[in-house]
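As stored in structure.json (JSON, C-alpha atoms):
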[["chain", "number", "residue", "atom", "x", "y", "z"],
["T", 1, "MET", "CA", -18.55, -3.56, 4.58],
["T", 2, "ILE", "CA", -16.94, -6.76, 3.38],
["T", 3, "ASN", "CA", -16.98, -9.61, 5.89],
["T", 4, "MET", "CA", -13.26, -10.37, 6.18],
["T", 5, "ASN", "CA", -13.98, -13.65, 7.96],
["T", 6, "GLU", "CA", -15.31, -14.87, 4.60],
["T", 7, "ILE", "CA", -12.27, -13.51, 2.73],
["T", 8, "VAL", "CA", -9.43, -14.77, 4.93],
["T", 9, "GLY", "CA", -8.68, -18.37, 4.06],
["T", 10, "SER", "CA", -10.59, -18.34, 0.77],
["T", 11, "HIS", "CA", -8.94, -15.46, -1.11],
["T", 12, "ASN", "CA", -5.39, -14.42, -1.94],
["T", 13, "ILE", "CA", -4.72, -10.95, -0.53],
["T", 14, "LEU", "CA", -2.86, -8.12, -2.28],
["T", 15, "PHE", "CA", -1.95, -5.01, -0.27],
["T", 16, "ILE", "CA", -0.28, -2.11, -2.11],
["T", 17, "THR", "CA", 0.80, 1.14, -0.50],
["T", 18, "ILE", "CA", 1.65, 3.85, -3.02],
["T", 19, "ASP", "CA", 4.06, 5.66, -0.77],
["T", 20, "THR", "CA", 3.48, 9.43, -0.37],
["T", 21, "LEU", "CA", 0.50, 9.57, -2.80],
["T", 22, "ARG", "CA", -1.67, 12.63, -2.13],
["T", 23, "TYR", "CA", -5.44, 12.27, -2.13],
["T", 24, "ASP", "CA", -6.03, 15.36, -4.28],
["T", 25, "VAL", "CA", -3.62, 14.14, -6.95],
["T", 26, "ALA", "CA", -5.10, 10.64, -6.95],
["T", 27, "VAL", "CA", -8.69, 11.81, -7.47],
["T", 28, "TYR", "CA", -7.66, 14.38, -10.10],
["T", 29, "GLU", "CA", -5.84, 11.75, -12.15],
["T", 30, "GLU", "CA", -8.76, 9.35, -11.68],
["T", 31, "ALA", "CA", -11.29, 11.96, -12.87],
["T", 32, "ASN", "CA", -9.20, 12.64, -15.97],
["T", 33, "ASN", "CA", -8.87, 8.93, -16.86],
["T", 34, "ASN", "CA", -5.10, 9.04, -16.36],
["T", 35, "THR", "CA", -4.93, 5.94, -14.14],
["T", 36, "PRO", "CA", -7.09, 3.41, -16.01],
["T", 37, "ASN", "CA", -5.59, 0.27, -14.48],
["T", 38, "ILE", "CA", -6.18, 1.35, -10.89],
["T", 39, "SER", "CA", -9.55, 2.87, -11.77],
["T", 40, "ARG", "CA", -10.67, -0.43, -13.25],
["T", 41, "LEU", "CA", -10.57, -1.88, -9.74],
["T", 42, "GLY", "CA", -12.61, 0.80, -7.95],
["T", 43, "LYS", "CA", -12.81, 4.45, -6.94],
["T", 44, "TRP", "CA", -10.64, 6.31, -4.49],
["T", 45, "GLU", "CA", -12.14, 6.93, -1.07],
["T", 46, "LYS", "CA", -11.03, 9.83, 1.13],
["T", 47, "ARG", "CA", -9.49, 8.62, 4.40],
["T", 48, "HIS", "CA", -7.16, 9.72, 7.18],
["T", 49, "SER", "CA", -3.82, 7.99, 7.70],
["T", 50, "PRO", "CA", -2.79, 6.75, 11.17],
["T", 51, "GLY", "CA", 0.71, 8.12, 10.54],
["T", 52, "SER", "CA", 2.39, 11.09, 8.88],
["T", 53, "PHE", "CA", 5.41, 9.15, 7.57],
["T", 54, "THR", "CA", 6.15, 5.69, 6.25],
["T", 55, "TYR", "CA", 7.37, 3.86, 9.33],
["T", 56, "ALA", "CA", 4.60, 5.04, 11.65],
["T", 57, "ALA", "CA", 1.84, 4.43, 9.10],
["T", 58, "HIS", "CA", 2.98, 0.92, 8.18],
["T", 59, "GLN", "CA", 3.43, -0.15, 11.79],
["T", 60, "ALA", "CA", -0.19, 0.88, 12.31],
["T", 61, "PHE", "CA", -1.35, -0.84, 9.12],
["T", 62, "PHE", "CA", 0.19, -4.15, 10.12],
["T", 63, "ALA", "CA", -1.39, -3.84, 13.56],
["T", 64, "GLY", "CA", -4.75, -3.68, 11.77],
["T", 65, "PHE", "CA", -5.23, 0.09, 11.67],
["T", 66, "LEU", "CA", -5.71, 0.92, 8.00],
["T", 67, "PRO", "CA", -6.59, 4.49, 6.95],
["T", 68, "THR", "CA", -9.82, 5.62, 8.64],
["T", 69, "PRO", "CA", -12.89, 6.88, 6.72],
["T", 70, "VAL", "CA", -13.27, 10.65, 7.08],
["T", 71, "SER", "CA", -16.97, 10.45, 8.01],
["T", 72, "LEU", "CA", -17.81, 10.85, 11.70],
["T", 73, "GLY", "CA", -18.36, 7.90, 14.00],
["T", 74, "ARG", "CA", -16.70, 4.60, 14.76],
["T", 75, "HIS", "CA", -15.58, 2.57, 11.77],
["T", 76, "GLU", "CA", -15.31, -1.19, 11.97],
["T", 77, "ARG", "CA", -11.91, -2.40, 10.82],
["T", 78, "LEU", "CA", -11.14, -5.12, 8.28],
["T", 79, "PHE", "CA", -8.40, -6.69, 10.40],
["T", 80, "SER", "CA", -7.55, -6.59, 14.07],
["T", 81, "VAL", "CA", -5.07, -8.18, 16.41],
["T", 82, "ARG", "CA", -6.75, -9.05, 19.66],
["T", 83, "PHE", "CA", -6.14, -6.61, 22.51],
["T", 84, "PRO", "CA", -8.23, -5.45, 25.49],
["T", 85, "GLY", "CA", -10.47, -2.44, 24.92],
["T", 86, "SER", "CA", -10.61, -2.38, 21.12],
["T", 87, "GLU", "CA", -13.69, -0.38, 20.10],
["T", 88, "THR", "CA", -13.46, -0.75, 16.32],
["T", 89, "THR", "CA", -13.81, -4.50, 15.85],
["T", 90, "GLY", "CA", -17.11, -6.10, 14.92],
["T", 91, "GLY", "CA", -18.72, -9.09, 13.29],
["T", 92, "ASN", "CA", -17.08, -8.40, 9.93],
["T", 93, "THR", "CA", -13.59, -7.92, 11.38],
["T", 94, "CYS", "CA", -11.07, -10.74, 11.05],
["T", 95, "VAL", "CA", -9.42, -10.88, 14.48],
["T", 96, "PHE", "CA", -6.05, -12.57, 14.94],
["T", 97, "ASP", "CA", -4.47, -13.83, 18.14],
["T", 98, "ALA", "CA", -1.13, -12.52, 16.92],
["T", 99, "PRO", "CA", 1.10, -9.46, 17.33],
["T", 100, "ASN", "CA", 0.43, -8.29, 13.75],
["T", 101, "ILE", "CA", -1.79, -9.17, 10.81],
["T", 102, "VAL", "CA", 1.11, -10.61, 8.81],
["T", 103, "SER", "CA", 1.80, -13.38, 11.31],
["T", 104, "GLY", "CA", -1.94, -13.67, 11.81],
["T", 105, "LEU", "CA", -2.43, -14.45, 8.13],
["T", 106, "GLU", "CA", 0.51, -16.85, 8.21],
["T", 107, "SER", "CA", -1.23, -18.73, 11.04],
["T", 108, "ARG", "CA", -4.26, -19.07, 8.74],
["T", 109, "GLY", "CA", -2.18, -20.76, 6.04],
["T", 110, "TYR", "CA", -0.91, -17.78, 4.00],
["T", 111, "HIS", "CA", 2.56, -17.47, 2.54],
["T", 112, "THR", "CA", 3.55, -13.84, 3.15],
["T", 113, "VAL", "CA", 5.72, -11.79, 0.79],
["T", 114, "CYS", "CA", 7.01, -8.21, 1.11],
["T", 115, "VAL", "CA", 8.46, -6.26, -1.82],
["T", 116, "GLY", "CA", 9.90, -3.09, -0.30],
["T", 117, "GLY", "CA", 10.41, 0.34, -1.74],
["T", 118, "VAL", "CA", 11.38, 3.36, 0.36],
["T", 119, "GLY", "CA", 14.21, 3.45, 2.89],
["T", 120, "PHE", "CA", 12.29, 1.88, 5.77],
["T", 121, "PHE", "CA", 12.36, -1.37, 3.76],
["T", 122, "ASN", "CA", 16.09, -1.15, 3.02],
["T", 123, "LYS", "CA", 17.41, -4.25, 4.76],
["T", 124, "ALA", "CA", 20.95, -2.83, 4.99],
["T", 125, "SER", "CA", 20.09, -1.41, 8.44],
["T", 126, "PRO", "CA", 18.49, -2.88, 11.58],
["T", 127, "LEU", "CA", 15.62, -0.36, 11.32],
["T", 128, "GLY", "CA", 15.06, -1.27, 7.67],
["T", 129, "ASN", "CA", 14.65, -4.90, 8.69],
["T", 130, "VAL", "CA", 11.84, -4.33, 11.20],
["T", 131, "ILE", "CA", 8.90, -4.43, 8.77],
["T", 132, "PRO", "CA", 10.35, -6.91, 6.22],
["T", 133, "SER", "CA", 11.14, -9.37, 9.03],
["T", 134, "LEU", "CA", 7.40, -9.86, 9.59],
["T", 135, "PHE", "CA", 7.15, -11.77, 6.30],
["T", 136, "ASN", "CA", 8.12, -15.26, 5.10],
["T", 137, "GLU", "CA", 9.89, -13.63, 2.14],
["T", 138, "SER", "CA", 11.07, -10.03, 1.76],
["T", 139, "TYR", "CA", 12.93, -8.20, -0.99],
["T", 140, "TRP", "CA", 14.74, -4.90, -1.35],
["T", 141, "ASP", "CA", 17.58, -3.56, -3.47],
["T", 142, "THR", "CA", 18.43, -0.19, -4.99],
["T", 143, "GLY", "CA", 16.49, -1.03, -8.15],
["T", 144, "LEU", "CA", 13.31, -1.10, -6.07],
["T", 145, "GLY", "CA", 14.06, 2.17, -4.29],
["T", 146, "VAL", "CA", 13.34, 5.84, -4.75],
["T", 147, "THR", "CA", 16.38, 6.71, -6.87],
["T", 148, "ASP", "CA", 15.66, 4.28, -9.73],
["T", 149, "ARG", "CA", 13.39, 5.71, -12.41],
["T", 150, "ASN", "CA", 12.25, 2.18, -13.28],
["T", 151, "SER", "CA", 11.49, 1.24, -9.67],
["T", 152, "THR", "CA", 7.87, 0.19, -10.17],
["T", 153, "ARG", "CA", 8.72, -1.93, -13.18],
["T", 154, "ASN", "CA", 11.45, -3.59, -11.12],
["T", 155, "GLN", "CA", 9.13, -4.06, -8.16],
["T", 156, "VAL", "CA", 6.42, -5.66, -10.28],
["T", 157, "GLU", "CA", 8.98, -8.01, -11.82],
["T", 158, "CYS", "CA", 10.10, -8.95, -8.31],
["T", 159, "CYS", "CA", 6.48, -9.64, -7.30],
["T", 160, "LEU", "CA", 5.88, -11.77, -10.38],
["T", 161, "ASN", "CA", 9.03, -13.81, -9.77],
["T", 162, "ALA", "CA", 8.00, -14.42, -6.16],
["T", 163, "LEU", "CA", 4.49, -15.49, -7.18],
["T", 164, "LYS", "CA", 5.86, -17.82, -9.83],
["T", 165, "ASN", "CA", 7.70, -19.77, -7.14],
["T", 166, "ILE", "CA", 4.66, -20.25, -4.90],
["T", 167, "ASP", "CA", 2.36, -23.15, -5.70],
["T", 168, "VAL", "CA", -1.08, -21.91, -6.81],
["T", 169, "SER", "CA", -2.69, -24.12, -4.17],
["T", 170, "LYS", "CA", -1.07, -21.96, -1.46],
["T", 171, "LYS", "CA", -2.85, -18.77, -0.40],
["T", 172, "VAL", "CA", -0.65, -15.67, -0.69],
["T", 173, "PHE", "CA", -0.52, -12.37, 1.14],
["T", 174, "LEU", "CA", 1.55, -10.09, -1.10],
["T", 175, "PHE", "CA", 2.53, -6.64, 0.13],
["T", 176, "LEU", "CA", 4.12, -4.03, -2.16],
["T", 177, "ASN", "CA", 5.39, -0.62, -1.09],
["T", 178, "VAL", "CA", 5.56, 1.47, -4.30],
["T", 179, "SER", "CA", 8.45, 3.92, -4.04],
["T", 180, "ALA", "CA", 8.10, 6.00, -7.21],
["T", 181, "LEU", "CA", 6.08, 8.94, -5.82],
["T", 182, "HIS", "CA", 8.40, 9.51, -2.88],
["T", 183, "GLN", "CA", 11.03, 12.16, -3.51],
["T", 184, "PRO", "CA", 12.86, 12.35, -5.83],
["T", 185, "ASN", "CA", 10.14, 12.13, -8.47],
["T", 186, "TYR", "CA", 11.09, 15.00, -10.81],
["T", 187, "PHE", "CA", 12.47, 12.58, -13.41],
["T", 188, "TYR", "CA", 8.95, 11.40, -14.29],
["T", 189, "LEU", "CA", 8.13, 14.84, -15.73],
["T", 190, "GLU", "CA", 10.01, 15.74, -18.89],
["T", 191, "GLY", "CA", 12.28, 18.74, -18.40],
["T", 192, "ALA", "CA", 11.73, 19.01, -14.66],
["T", 193, "LYS", "CA", 14.72, 19.79, -12.42],
["T", 194, "SER", "CA", 12.99, 19.52, -9.04],
["T", 195, "ASP", "CA", 10.04, 17.76, -7.44],
["T", 196, "SER", "CA", 6.59, 19.32, -7.70],
["T", 197, "ILE", "CA", 2.95, 18.34, -7.50],
["T", 198, "GLU", "CA", 3.09, 17.96, -11.29],
["T", 199, "SER", "CA", 5.95, 15.45, -11.16],
["T", 200, "HIS", "CA", 4.12, 13.68, -8.31],
["T", 201, "ALA", "CA", 1.15, 13.23, -10.68],
["T", 202, "ALA", "CA", 3.42, 12.09, -13.51],
["T", 203, "ALA", "CA", 4.91, 9.46, -11.21],
["T", 204, "LEU", "CA", 1.41, 8.16, -10.42],
["T", 205, "ARG", "CA", 0.67, 7.79, -14.13],
["T", 206, "TYR", "CA", 3.88, 5.80, -14.52],
["T", 207, "VAL", "CA", 2.97, 3.58, -11.57],
["T", 208, "ASP", "CA", -0.48, 2.88, -13.00],
["T", 209, "CYS", "CA", 1.01, 1.63, -16.26],
["T", 210, "GLU", "CA", 3.36, -0.76, -14.49],
["T", 211, "LEU", "CA", 0.84, -2.16, -12.00],
["T", 212, "LYS", "CA", -1.32, -3.51, -14.82],
["T", 213, "HIS", "CA", 0.91, -6.59, -15.12],
["T", 214, "LEU", "CA", 0.73, -7.33, -11.39],
["T", 215, "PHE", "CA", -3.07, -7.06, -11.29],
["T", 216, "SER", "CA", -3.55, -9.48, -14.18],
["T", 217, "THR", "CA", -1.08, -12.04, -12.83],
["T", 218, "PHE", "CA", -2.45, -11.92, -9.29],
["T", 219, "ALA", "CA", -5.99, -12.45, -10.57],
["T", 220, "GLN", "CA", -4.87, -15.61, -12.35],
["T", 221, "ARG", "CA", -4.22, -17.25, -8.97],
["T", 222, "GLY", "CA", -7.96, -17.38, -8.30],
["T", 223, "ARG", "CA", -10.17, -15.45, -5.93],
["T", 224, "GLY", "CA", -8.46, -12.41, -4.53],
["T", 225, "PHE", "CA", -9.02, -9.41, -2.29],
["T", 226, "GLY", "CA", -7.06, -6.20, -2.71],
["T", 227, "ILE", "CA", -6.30, -2.98, -0.89],
["T", 228, "ILE", "CA", -4.52, 0.00, -2.44],
["T", 229, "CYS", "CA", -3.85, 3.11, -0.40],
["T", 230, "SER", "CA", -1.32, 5.75, 0.44],
["T", 231, "ASP", "CA", 0.49, 5.77, 3.75],
["T", 232, "HIS", "CA", 0.65, 9.58, 3.87],
["T", 233, "GLY", "CA", 0.71, 12.55, 1.55],
["T", 234, "THR", "CA", 3.38, 15.21, 1.19],
["T", 235, "ALA", "CA", 3.48, 19.00, 0.98],
["T", 236, "TYR", "CA", 4.81, 21.05, -1.91],
["T", 237, "GLY", "CA", 4.73, 24.48, -0.28],
["T", 238, "GLU", "CA", 1.17, 24.56, 1.08],
["T", 239, "ASP", "CA", 1.13, 27.06, 3.98],
["T", 240, "GLY", "CA", 4.93, 27.07, 3.73],
["T", 241, "TYR", "CA", 5.30, 23.33, 4.41],
["T", 242, "TYR", "CA", 7.39, 20.90, 2.41],
["T", 243, "GLY", "CA", 7.60, 17.13, 2.78],
["T", 244, "HIS", "CA", 5.82, 15.03, 5.41],
["T", 245, "ARG", "CA", 6.13, 13.88, 9.04],
["T", 246, "LEU", "CA", 4.09, 16.96, 9.85],
["T", 247, "ALA", "CA", 0.45, 17.68, 10.69],
["T", 248, "HIS", "CA", -1.01, 19.19, 7.52],
["T", 249, "GLU", "CA", -4.18, 18.24, 5.68],
["T", 250, "VAL", "CA", -2.28, 17.22, 2.52],
["T", 251, "VAL", "CA", -0.20, 14.81, 4.61],
["T", 252, "TRP", "CA", -2.94, 13.22, 6.74],
["T", 253, "THR", "CA", -5.53, 12.84, 3.96],
["T", 254, "VAL", "CA", -4.93, 9.78, 1.77],
["T", 255, "PRO", "CA", -6.66, 7.81, -1.00],
["T", 256, "TYR", "CA", -7.90, 4.30, -0.26],
["T", 257, "MET", "CA", -9.71, 1.55, -2.13],
["T", 258, "GLU", "CA", -10.54, -2.09, -1.53],
["T", 259, "PHE", "CA", -11.85, -4.56, -4.09],
["T", 260, "VAL", "CA", -12.41, -8.20, -4.90],
["T", 261, "PHE", "CA", -10.78, -9.75, -7.97],
["T", 262, "VAL", "CA", -13.41, -11.41, -10.15]]

Please, can you express the file's structure as structure tokens?
Amino acid sequence: MINMNEIVGSHNILFITIDTLRYDVAVYEEANNNTPNISRLGKWEKRHSPGSFTYAAHQAFFAGFLPTPVSLGRHERLFSVRFPGSETTGGNTCVFDAPNIVSGLESRGYHTVCVGGVGFFNKASPLGNVIPSLFNESYWDTGLGVTDRNSTRNQVECCLNALKNIDVSKKVFLFLNVSALHQPNYFYLEGAKSDSIESHAAALRYVDCELKHLFSTFAQRGRGFGIICSDHGTAYGEDGYYGHRLAHEVVWTVPYMEFVFV
């Protein structure tokens, strides 16, 4: 495990959630060399999400509870906010005296940026402001959301513009919630009229192409640490289930990777 006490303060941090990405789709596309830009950074690991839908999962993430390895036993966490009785912190865990890891990183000198995607980042409502309000800067508009076919391109452009305005001497924690795989995603598959596991996979291939520009620009800022994961999966008819916010294996099982930019 990486010692996060050596990372925090010395590395820029990039955290990307590919909203709704299923583990089985991610590893299939990886195995078939369909996501070369993500695969260049590492391999997908099978994990369990702490939440079955976006809001619950991200609240857990920013409290330090990232997706948990599927192997049995206790798993030391990368980040933690100090609270009595925590059993999953250890010598490699970066522990913050803060209510969340975003403000914890800010207290360590990071400028924090959120580029939202799905509806829980839509700042037009009080609920949609809860997660973005944790950050120094936060962005959302319809061009970044689920209904825009070019959402990932727009999100990456937003990230790049934000980075351009932050002095390179300042450490950055950049969070991006990729919206493209969340329904509707049928428009990423030519001829499709409704969402399916095939259009879900096509959306991931689109996302991979667009993220290339963000990876290269972020690496230019110097030493960096990255996390890419899904917040939850989604069902396309398995055992009669559709969607998420339900307890099914395809929802709870998510892909995860962490890496160091070199």

Min atom-atom distance to Ser169 (chain T) from the set T:His244, T:Lys193, T:Arg47, T:Arg223, counting all atoms listed in the file, belongs to T:Arg223

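Nearest to Gln220 (chain T) of all the residues T:Phe259, T:Thr112, T:Tyr186, T:Leu163 is T:Leu163, based on all atoms listed in the file.
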
Please, which residues are within 12 Å of (3.0, 8.2, -12.2) by the file's coordinates, counting all atoms listed in the file, and could they come as a PyMOL selection string?
chain T and resi 18-22+25-26+29-30+34-38+149-153+178-182+185-189+197-211

Selection export as a compact mmCIF listing (two decimals), keeping the file's coordinate frame, atoms kept: C-alpha atoms:
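out.txt, freshly written:
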# COMPACT_ATOMS: atom_id res chain seq x y z
CA ILE T 18 1.65 3.85 -3.02
CA ASP T 19 4.06 5.66 -0.77
CA THR T 20 3.48 9.43 -0.37
CA LEU T 21 0.50 9.57 -2.80
CA ARG T 22 -1.67 12.63 -2.13
CA VAL T 25 -3.62 14.14 -6.95
CA ALA T 26 -5.10 10.64 -6.95
CA GLU T 29 -5.84 11.75 -12.15
CA GLU T 30 -8.76 9.35 -11.68
CA ASN T 34 -5.10 9.04 -16.36
CA THR T 35 -4.93 5.94 -14.14
CA PRO T 36 -7.09 3.41 -16.01
CA ASN T 37 -5.59 0.27 -14.48
CA ILE T 38 -6.18 1.35 -10.89
CA ARG T 149 13.39 5.71 -12.41
CA ASN T 150 12.25 2.18 -13.28
CA SER T 151 11.49 1.24 -9.67
CA THR T 152 7.87 0.19 -10.17
CA ARG T 153 8.72 -1.93 -13.18
CA VAL T 178 5.56 1.47 -4.30
CA SER T 179 8.45 3.92 -4.04
CA ALA T 180 8.10 6.00 -7.21
CA LEU T 181 6.08 8.94 -5.82
CA HIS T 182 8.40 9.51 -2.88
CA ASN T 185 10.14 12.13 -8.47
CA TYR T 186 11.09 15.00 -10.81
CA PHE T 187 12.47 12.58 -13.41
CA TYR T 188 8.95 11.40 -14.29
CA LEU T 189 8.13 14.84 -15.73
CA ILE T 197 2.95 18.34 -7.50
CA GLU T 198 3.09 17.96 -11.29
CA SER T 199 5.95 15.45 -11.16
CA HIS T 200 4.12 13.68 -8.31
CA ALA T 201 1.15 13.23 -10.68
CA ALA T 202 3.42 12.09 -13.51
CA ALA T 203 4.91 9.46 -11.21
CA LEU T 204 1.41 8.16 -10.42
CA ARG T 205 0.67 7.79 -14.13
CA TYR T 206 3.88 5.80 -14.52
CA VAL T 207 2.97 3.58 -11.57
CA ASP T 208 -0.48 2.88 -13.00
CA CYS T 209 1.01 1.63 -16.26
CA GLU T 210 3.36 -0.76 -14.49
CA LEU T 211 0.84 -2.16 -12.00

What is the CA of Val102 (chain T)-CA of Cys114 (chain T) distance in Å, reported with one decimal?
10.0 Å

Could you state the separation of CA of Asp141 (chain T) and CA of Pro184 (chain T) in Å, given to one decimal place?
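Those two atoms sit 16.8 Å apart.
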
Might you pull out every residue within 12 Å of Leu72 (chain T), with all atoms listed in the file counted and same-chain residues fewer than 3 positions away left off, and present them as a PyMOL selection string?
chain T and resi 47-48+68-69+75

Given the selection you just returned, output its residues as a file containing C-alpha atoms, formatted as a PDB file, in the coordinates of the input.
ATOM      1  CA  ARG T  47      -9.490   8.620   4.400  1.00  0.00           C
ATOM      2  CA  HIS T  48      -7.160   9.720   7.180  1.00  0.00           C
ATOM      3  CA  THR T  68      -9.820   5.620   8.640  1.00  0.00           C
ATOM      4  CA  PRO T  69     -12.890   6.880   6.720  1.00  0.00           C
ATOM      5  CA  HIS T  75     -15.580   2.570  11.770  1.00  0.00           C
TER       6      HIS T  75
END

So how far away is CA of Phe61 (chain T) from CA of Cys229 (chain T), in Å?
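So the two atoms, CA of Cys229 (chain T) and CA of Phe61 (chain T), lie 10.6 Å apart.
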
Which one is closest to Tyr23 (chain T): T:Arg74, T:Arg221, T:Arg40, T:His232? Count all atoms listed in the file.
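Under the stated criterion, the closest residue is T:His232.
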
Could you name the residues that touch region 85-101 of chain T at 10 Å or less, counting only C-alpha atoms, but leaving out those on the same chain fewer than 5 positions away, as a PyMOL selection string?
chain T and resi 1-8+59-65+74-80+106-108+134

Could you turn the residues from that selection into a file that holds C-alpha atoms, as an mmCIF file, in the frame of the given file?
data_model
loop_
_atom_site.group_PDB
_atom_site.id
_atom_site.type_symbol
_atom_site.label_atom_id
_atom_site.label_comp_id
_atom_site.auth_asym_id
_atom_site.auth_seq_id
_atom_site.Cartn_x
_atom_site.Cartn_y
_atom_site.Cartn_z
ATOM 1 C CA MET T 1 -18.550 -3.560 4.580
ATOM 2 C CA ILE T 2 -16.940 -6.760 3.380
ATOM 3 C CA ASN T 3 -16.980 -9.610 5.890
ATOM 4 C CA MET T 4 -13.260 -10.370 6.180
ATOM 5 C CA ASN T 5 -13.980 -13.650 7.960
ATOM 6 C CA GLU T 6 -15.310 -14.870 4.600
ATOM 7 C CA ILE T 7 -12.270 -13.510 2.730
ATOM 8 C CA VAL T 8 -9.430 -14.770 4.930
ATOM 9 C CA GLN T 59 3.430 -0.150 11.790
ATOM 10 C CA ALA T 60 -0.190 0.880 12.310
ATOM 11 C CA PHE T 61 -1.350 -0.840 9.120
ATOM 12 C CA PHE T 62 0.190 -4.150 10.120
ATOM 13 C CA ALA T 63 -1.390 -3.840 13.560
ATOM 14 C CA GLY T 64 -4.750 -3.680 11.770
ATOM 15 C CA PHE T 65 -5.230 0.090 11.670
ATOM 16 C CA ARG T 74 -16.700 4.600 14.760
ATOM 17 C CA HIS T 75 -15.580 2.570 11.770
ATOM 18 C CA GLU T 76 -15.310 -1.190 11.970
ATOM 19 C CA ARG T 77 -11.910 -2.400 10.820
ATOM 20 C CA LEU T 78 -11.140 -5.120 8.280
ATOM 21 C CA PHE T 79 -8.400 -6.690 10.400
ATOM 22 C CA SER T 80 -7.550 -6.590 14.070
ATOM 23 C CA GLU T 106 0.510 -16.850 8.210
ATOM 24 C CA SER T 107 -1.230 -18.730 11.040
ATOM 25 C CA ARG T 108 -4.260 -19.070 8.740
ATOM 26 C CA LEU T 134 7.400 -9.860 9.590
#

Which residue of T:Thr234, T:Ser196, T:Asn33, T:Thr54 approaches Phe120 (chain T) most closely, using only C-alpha atoms:
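Answer, going by the shortest atom-to-atom distance: T:Thr54.
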
What lies within 10 Å of Phe173 (chain T) using only C-alpha atoms, ignoring chain neighbours under 5 positions off, as a list in words?
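What passes the distance filter is Val8, His11, Asn12, Ile13, Leu14, Phe15, Val102, Leu105, Glu106, Gly109, Tyr110, His111, Thr112, Val113, Cys114, Phe135, Asn136, Gly224, Phe225 and Gly226 of chain T.
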
Could you list, as an NGL selection string, every residue within 9 Å of Leu246 (chain T), counting all atoms listed in the file and ignoring same-chain residues fewer than 5 positions away?
:T and (52-53 or 234 or 241 or 251-252)
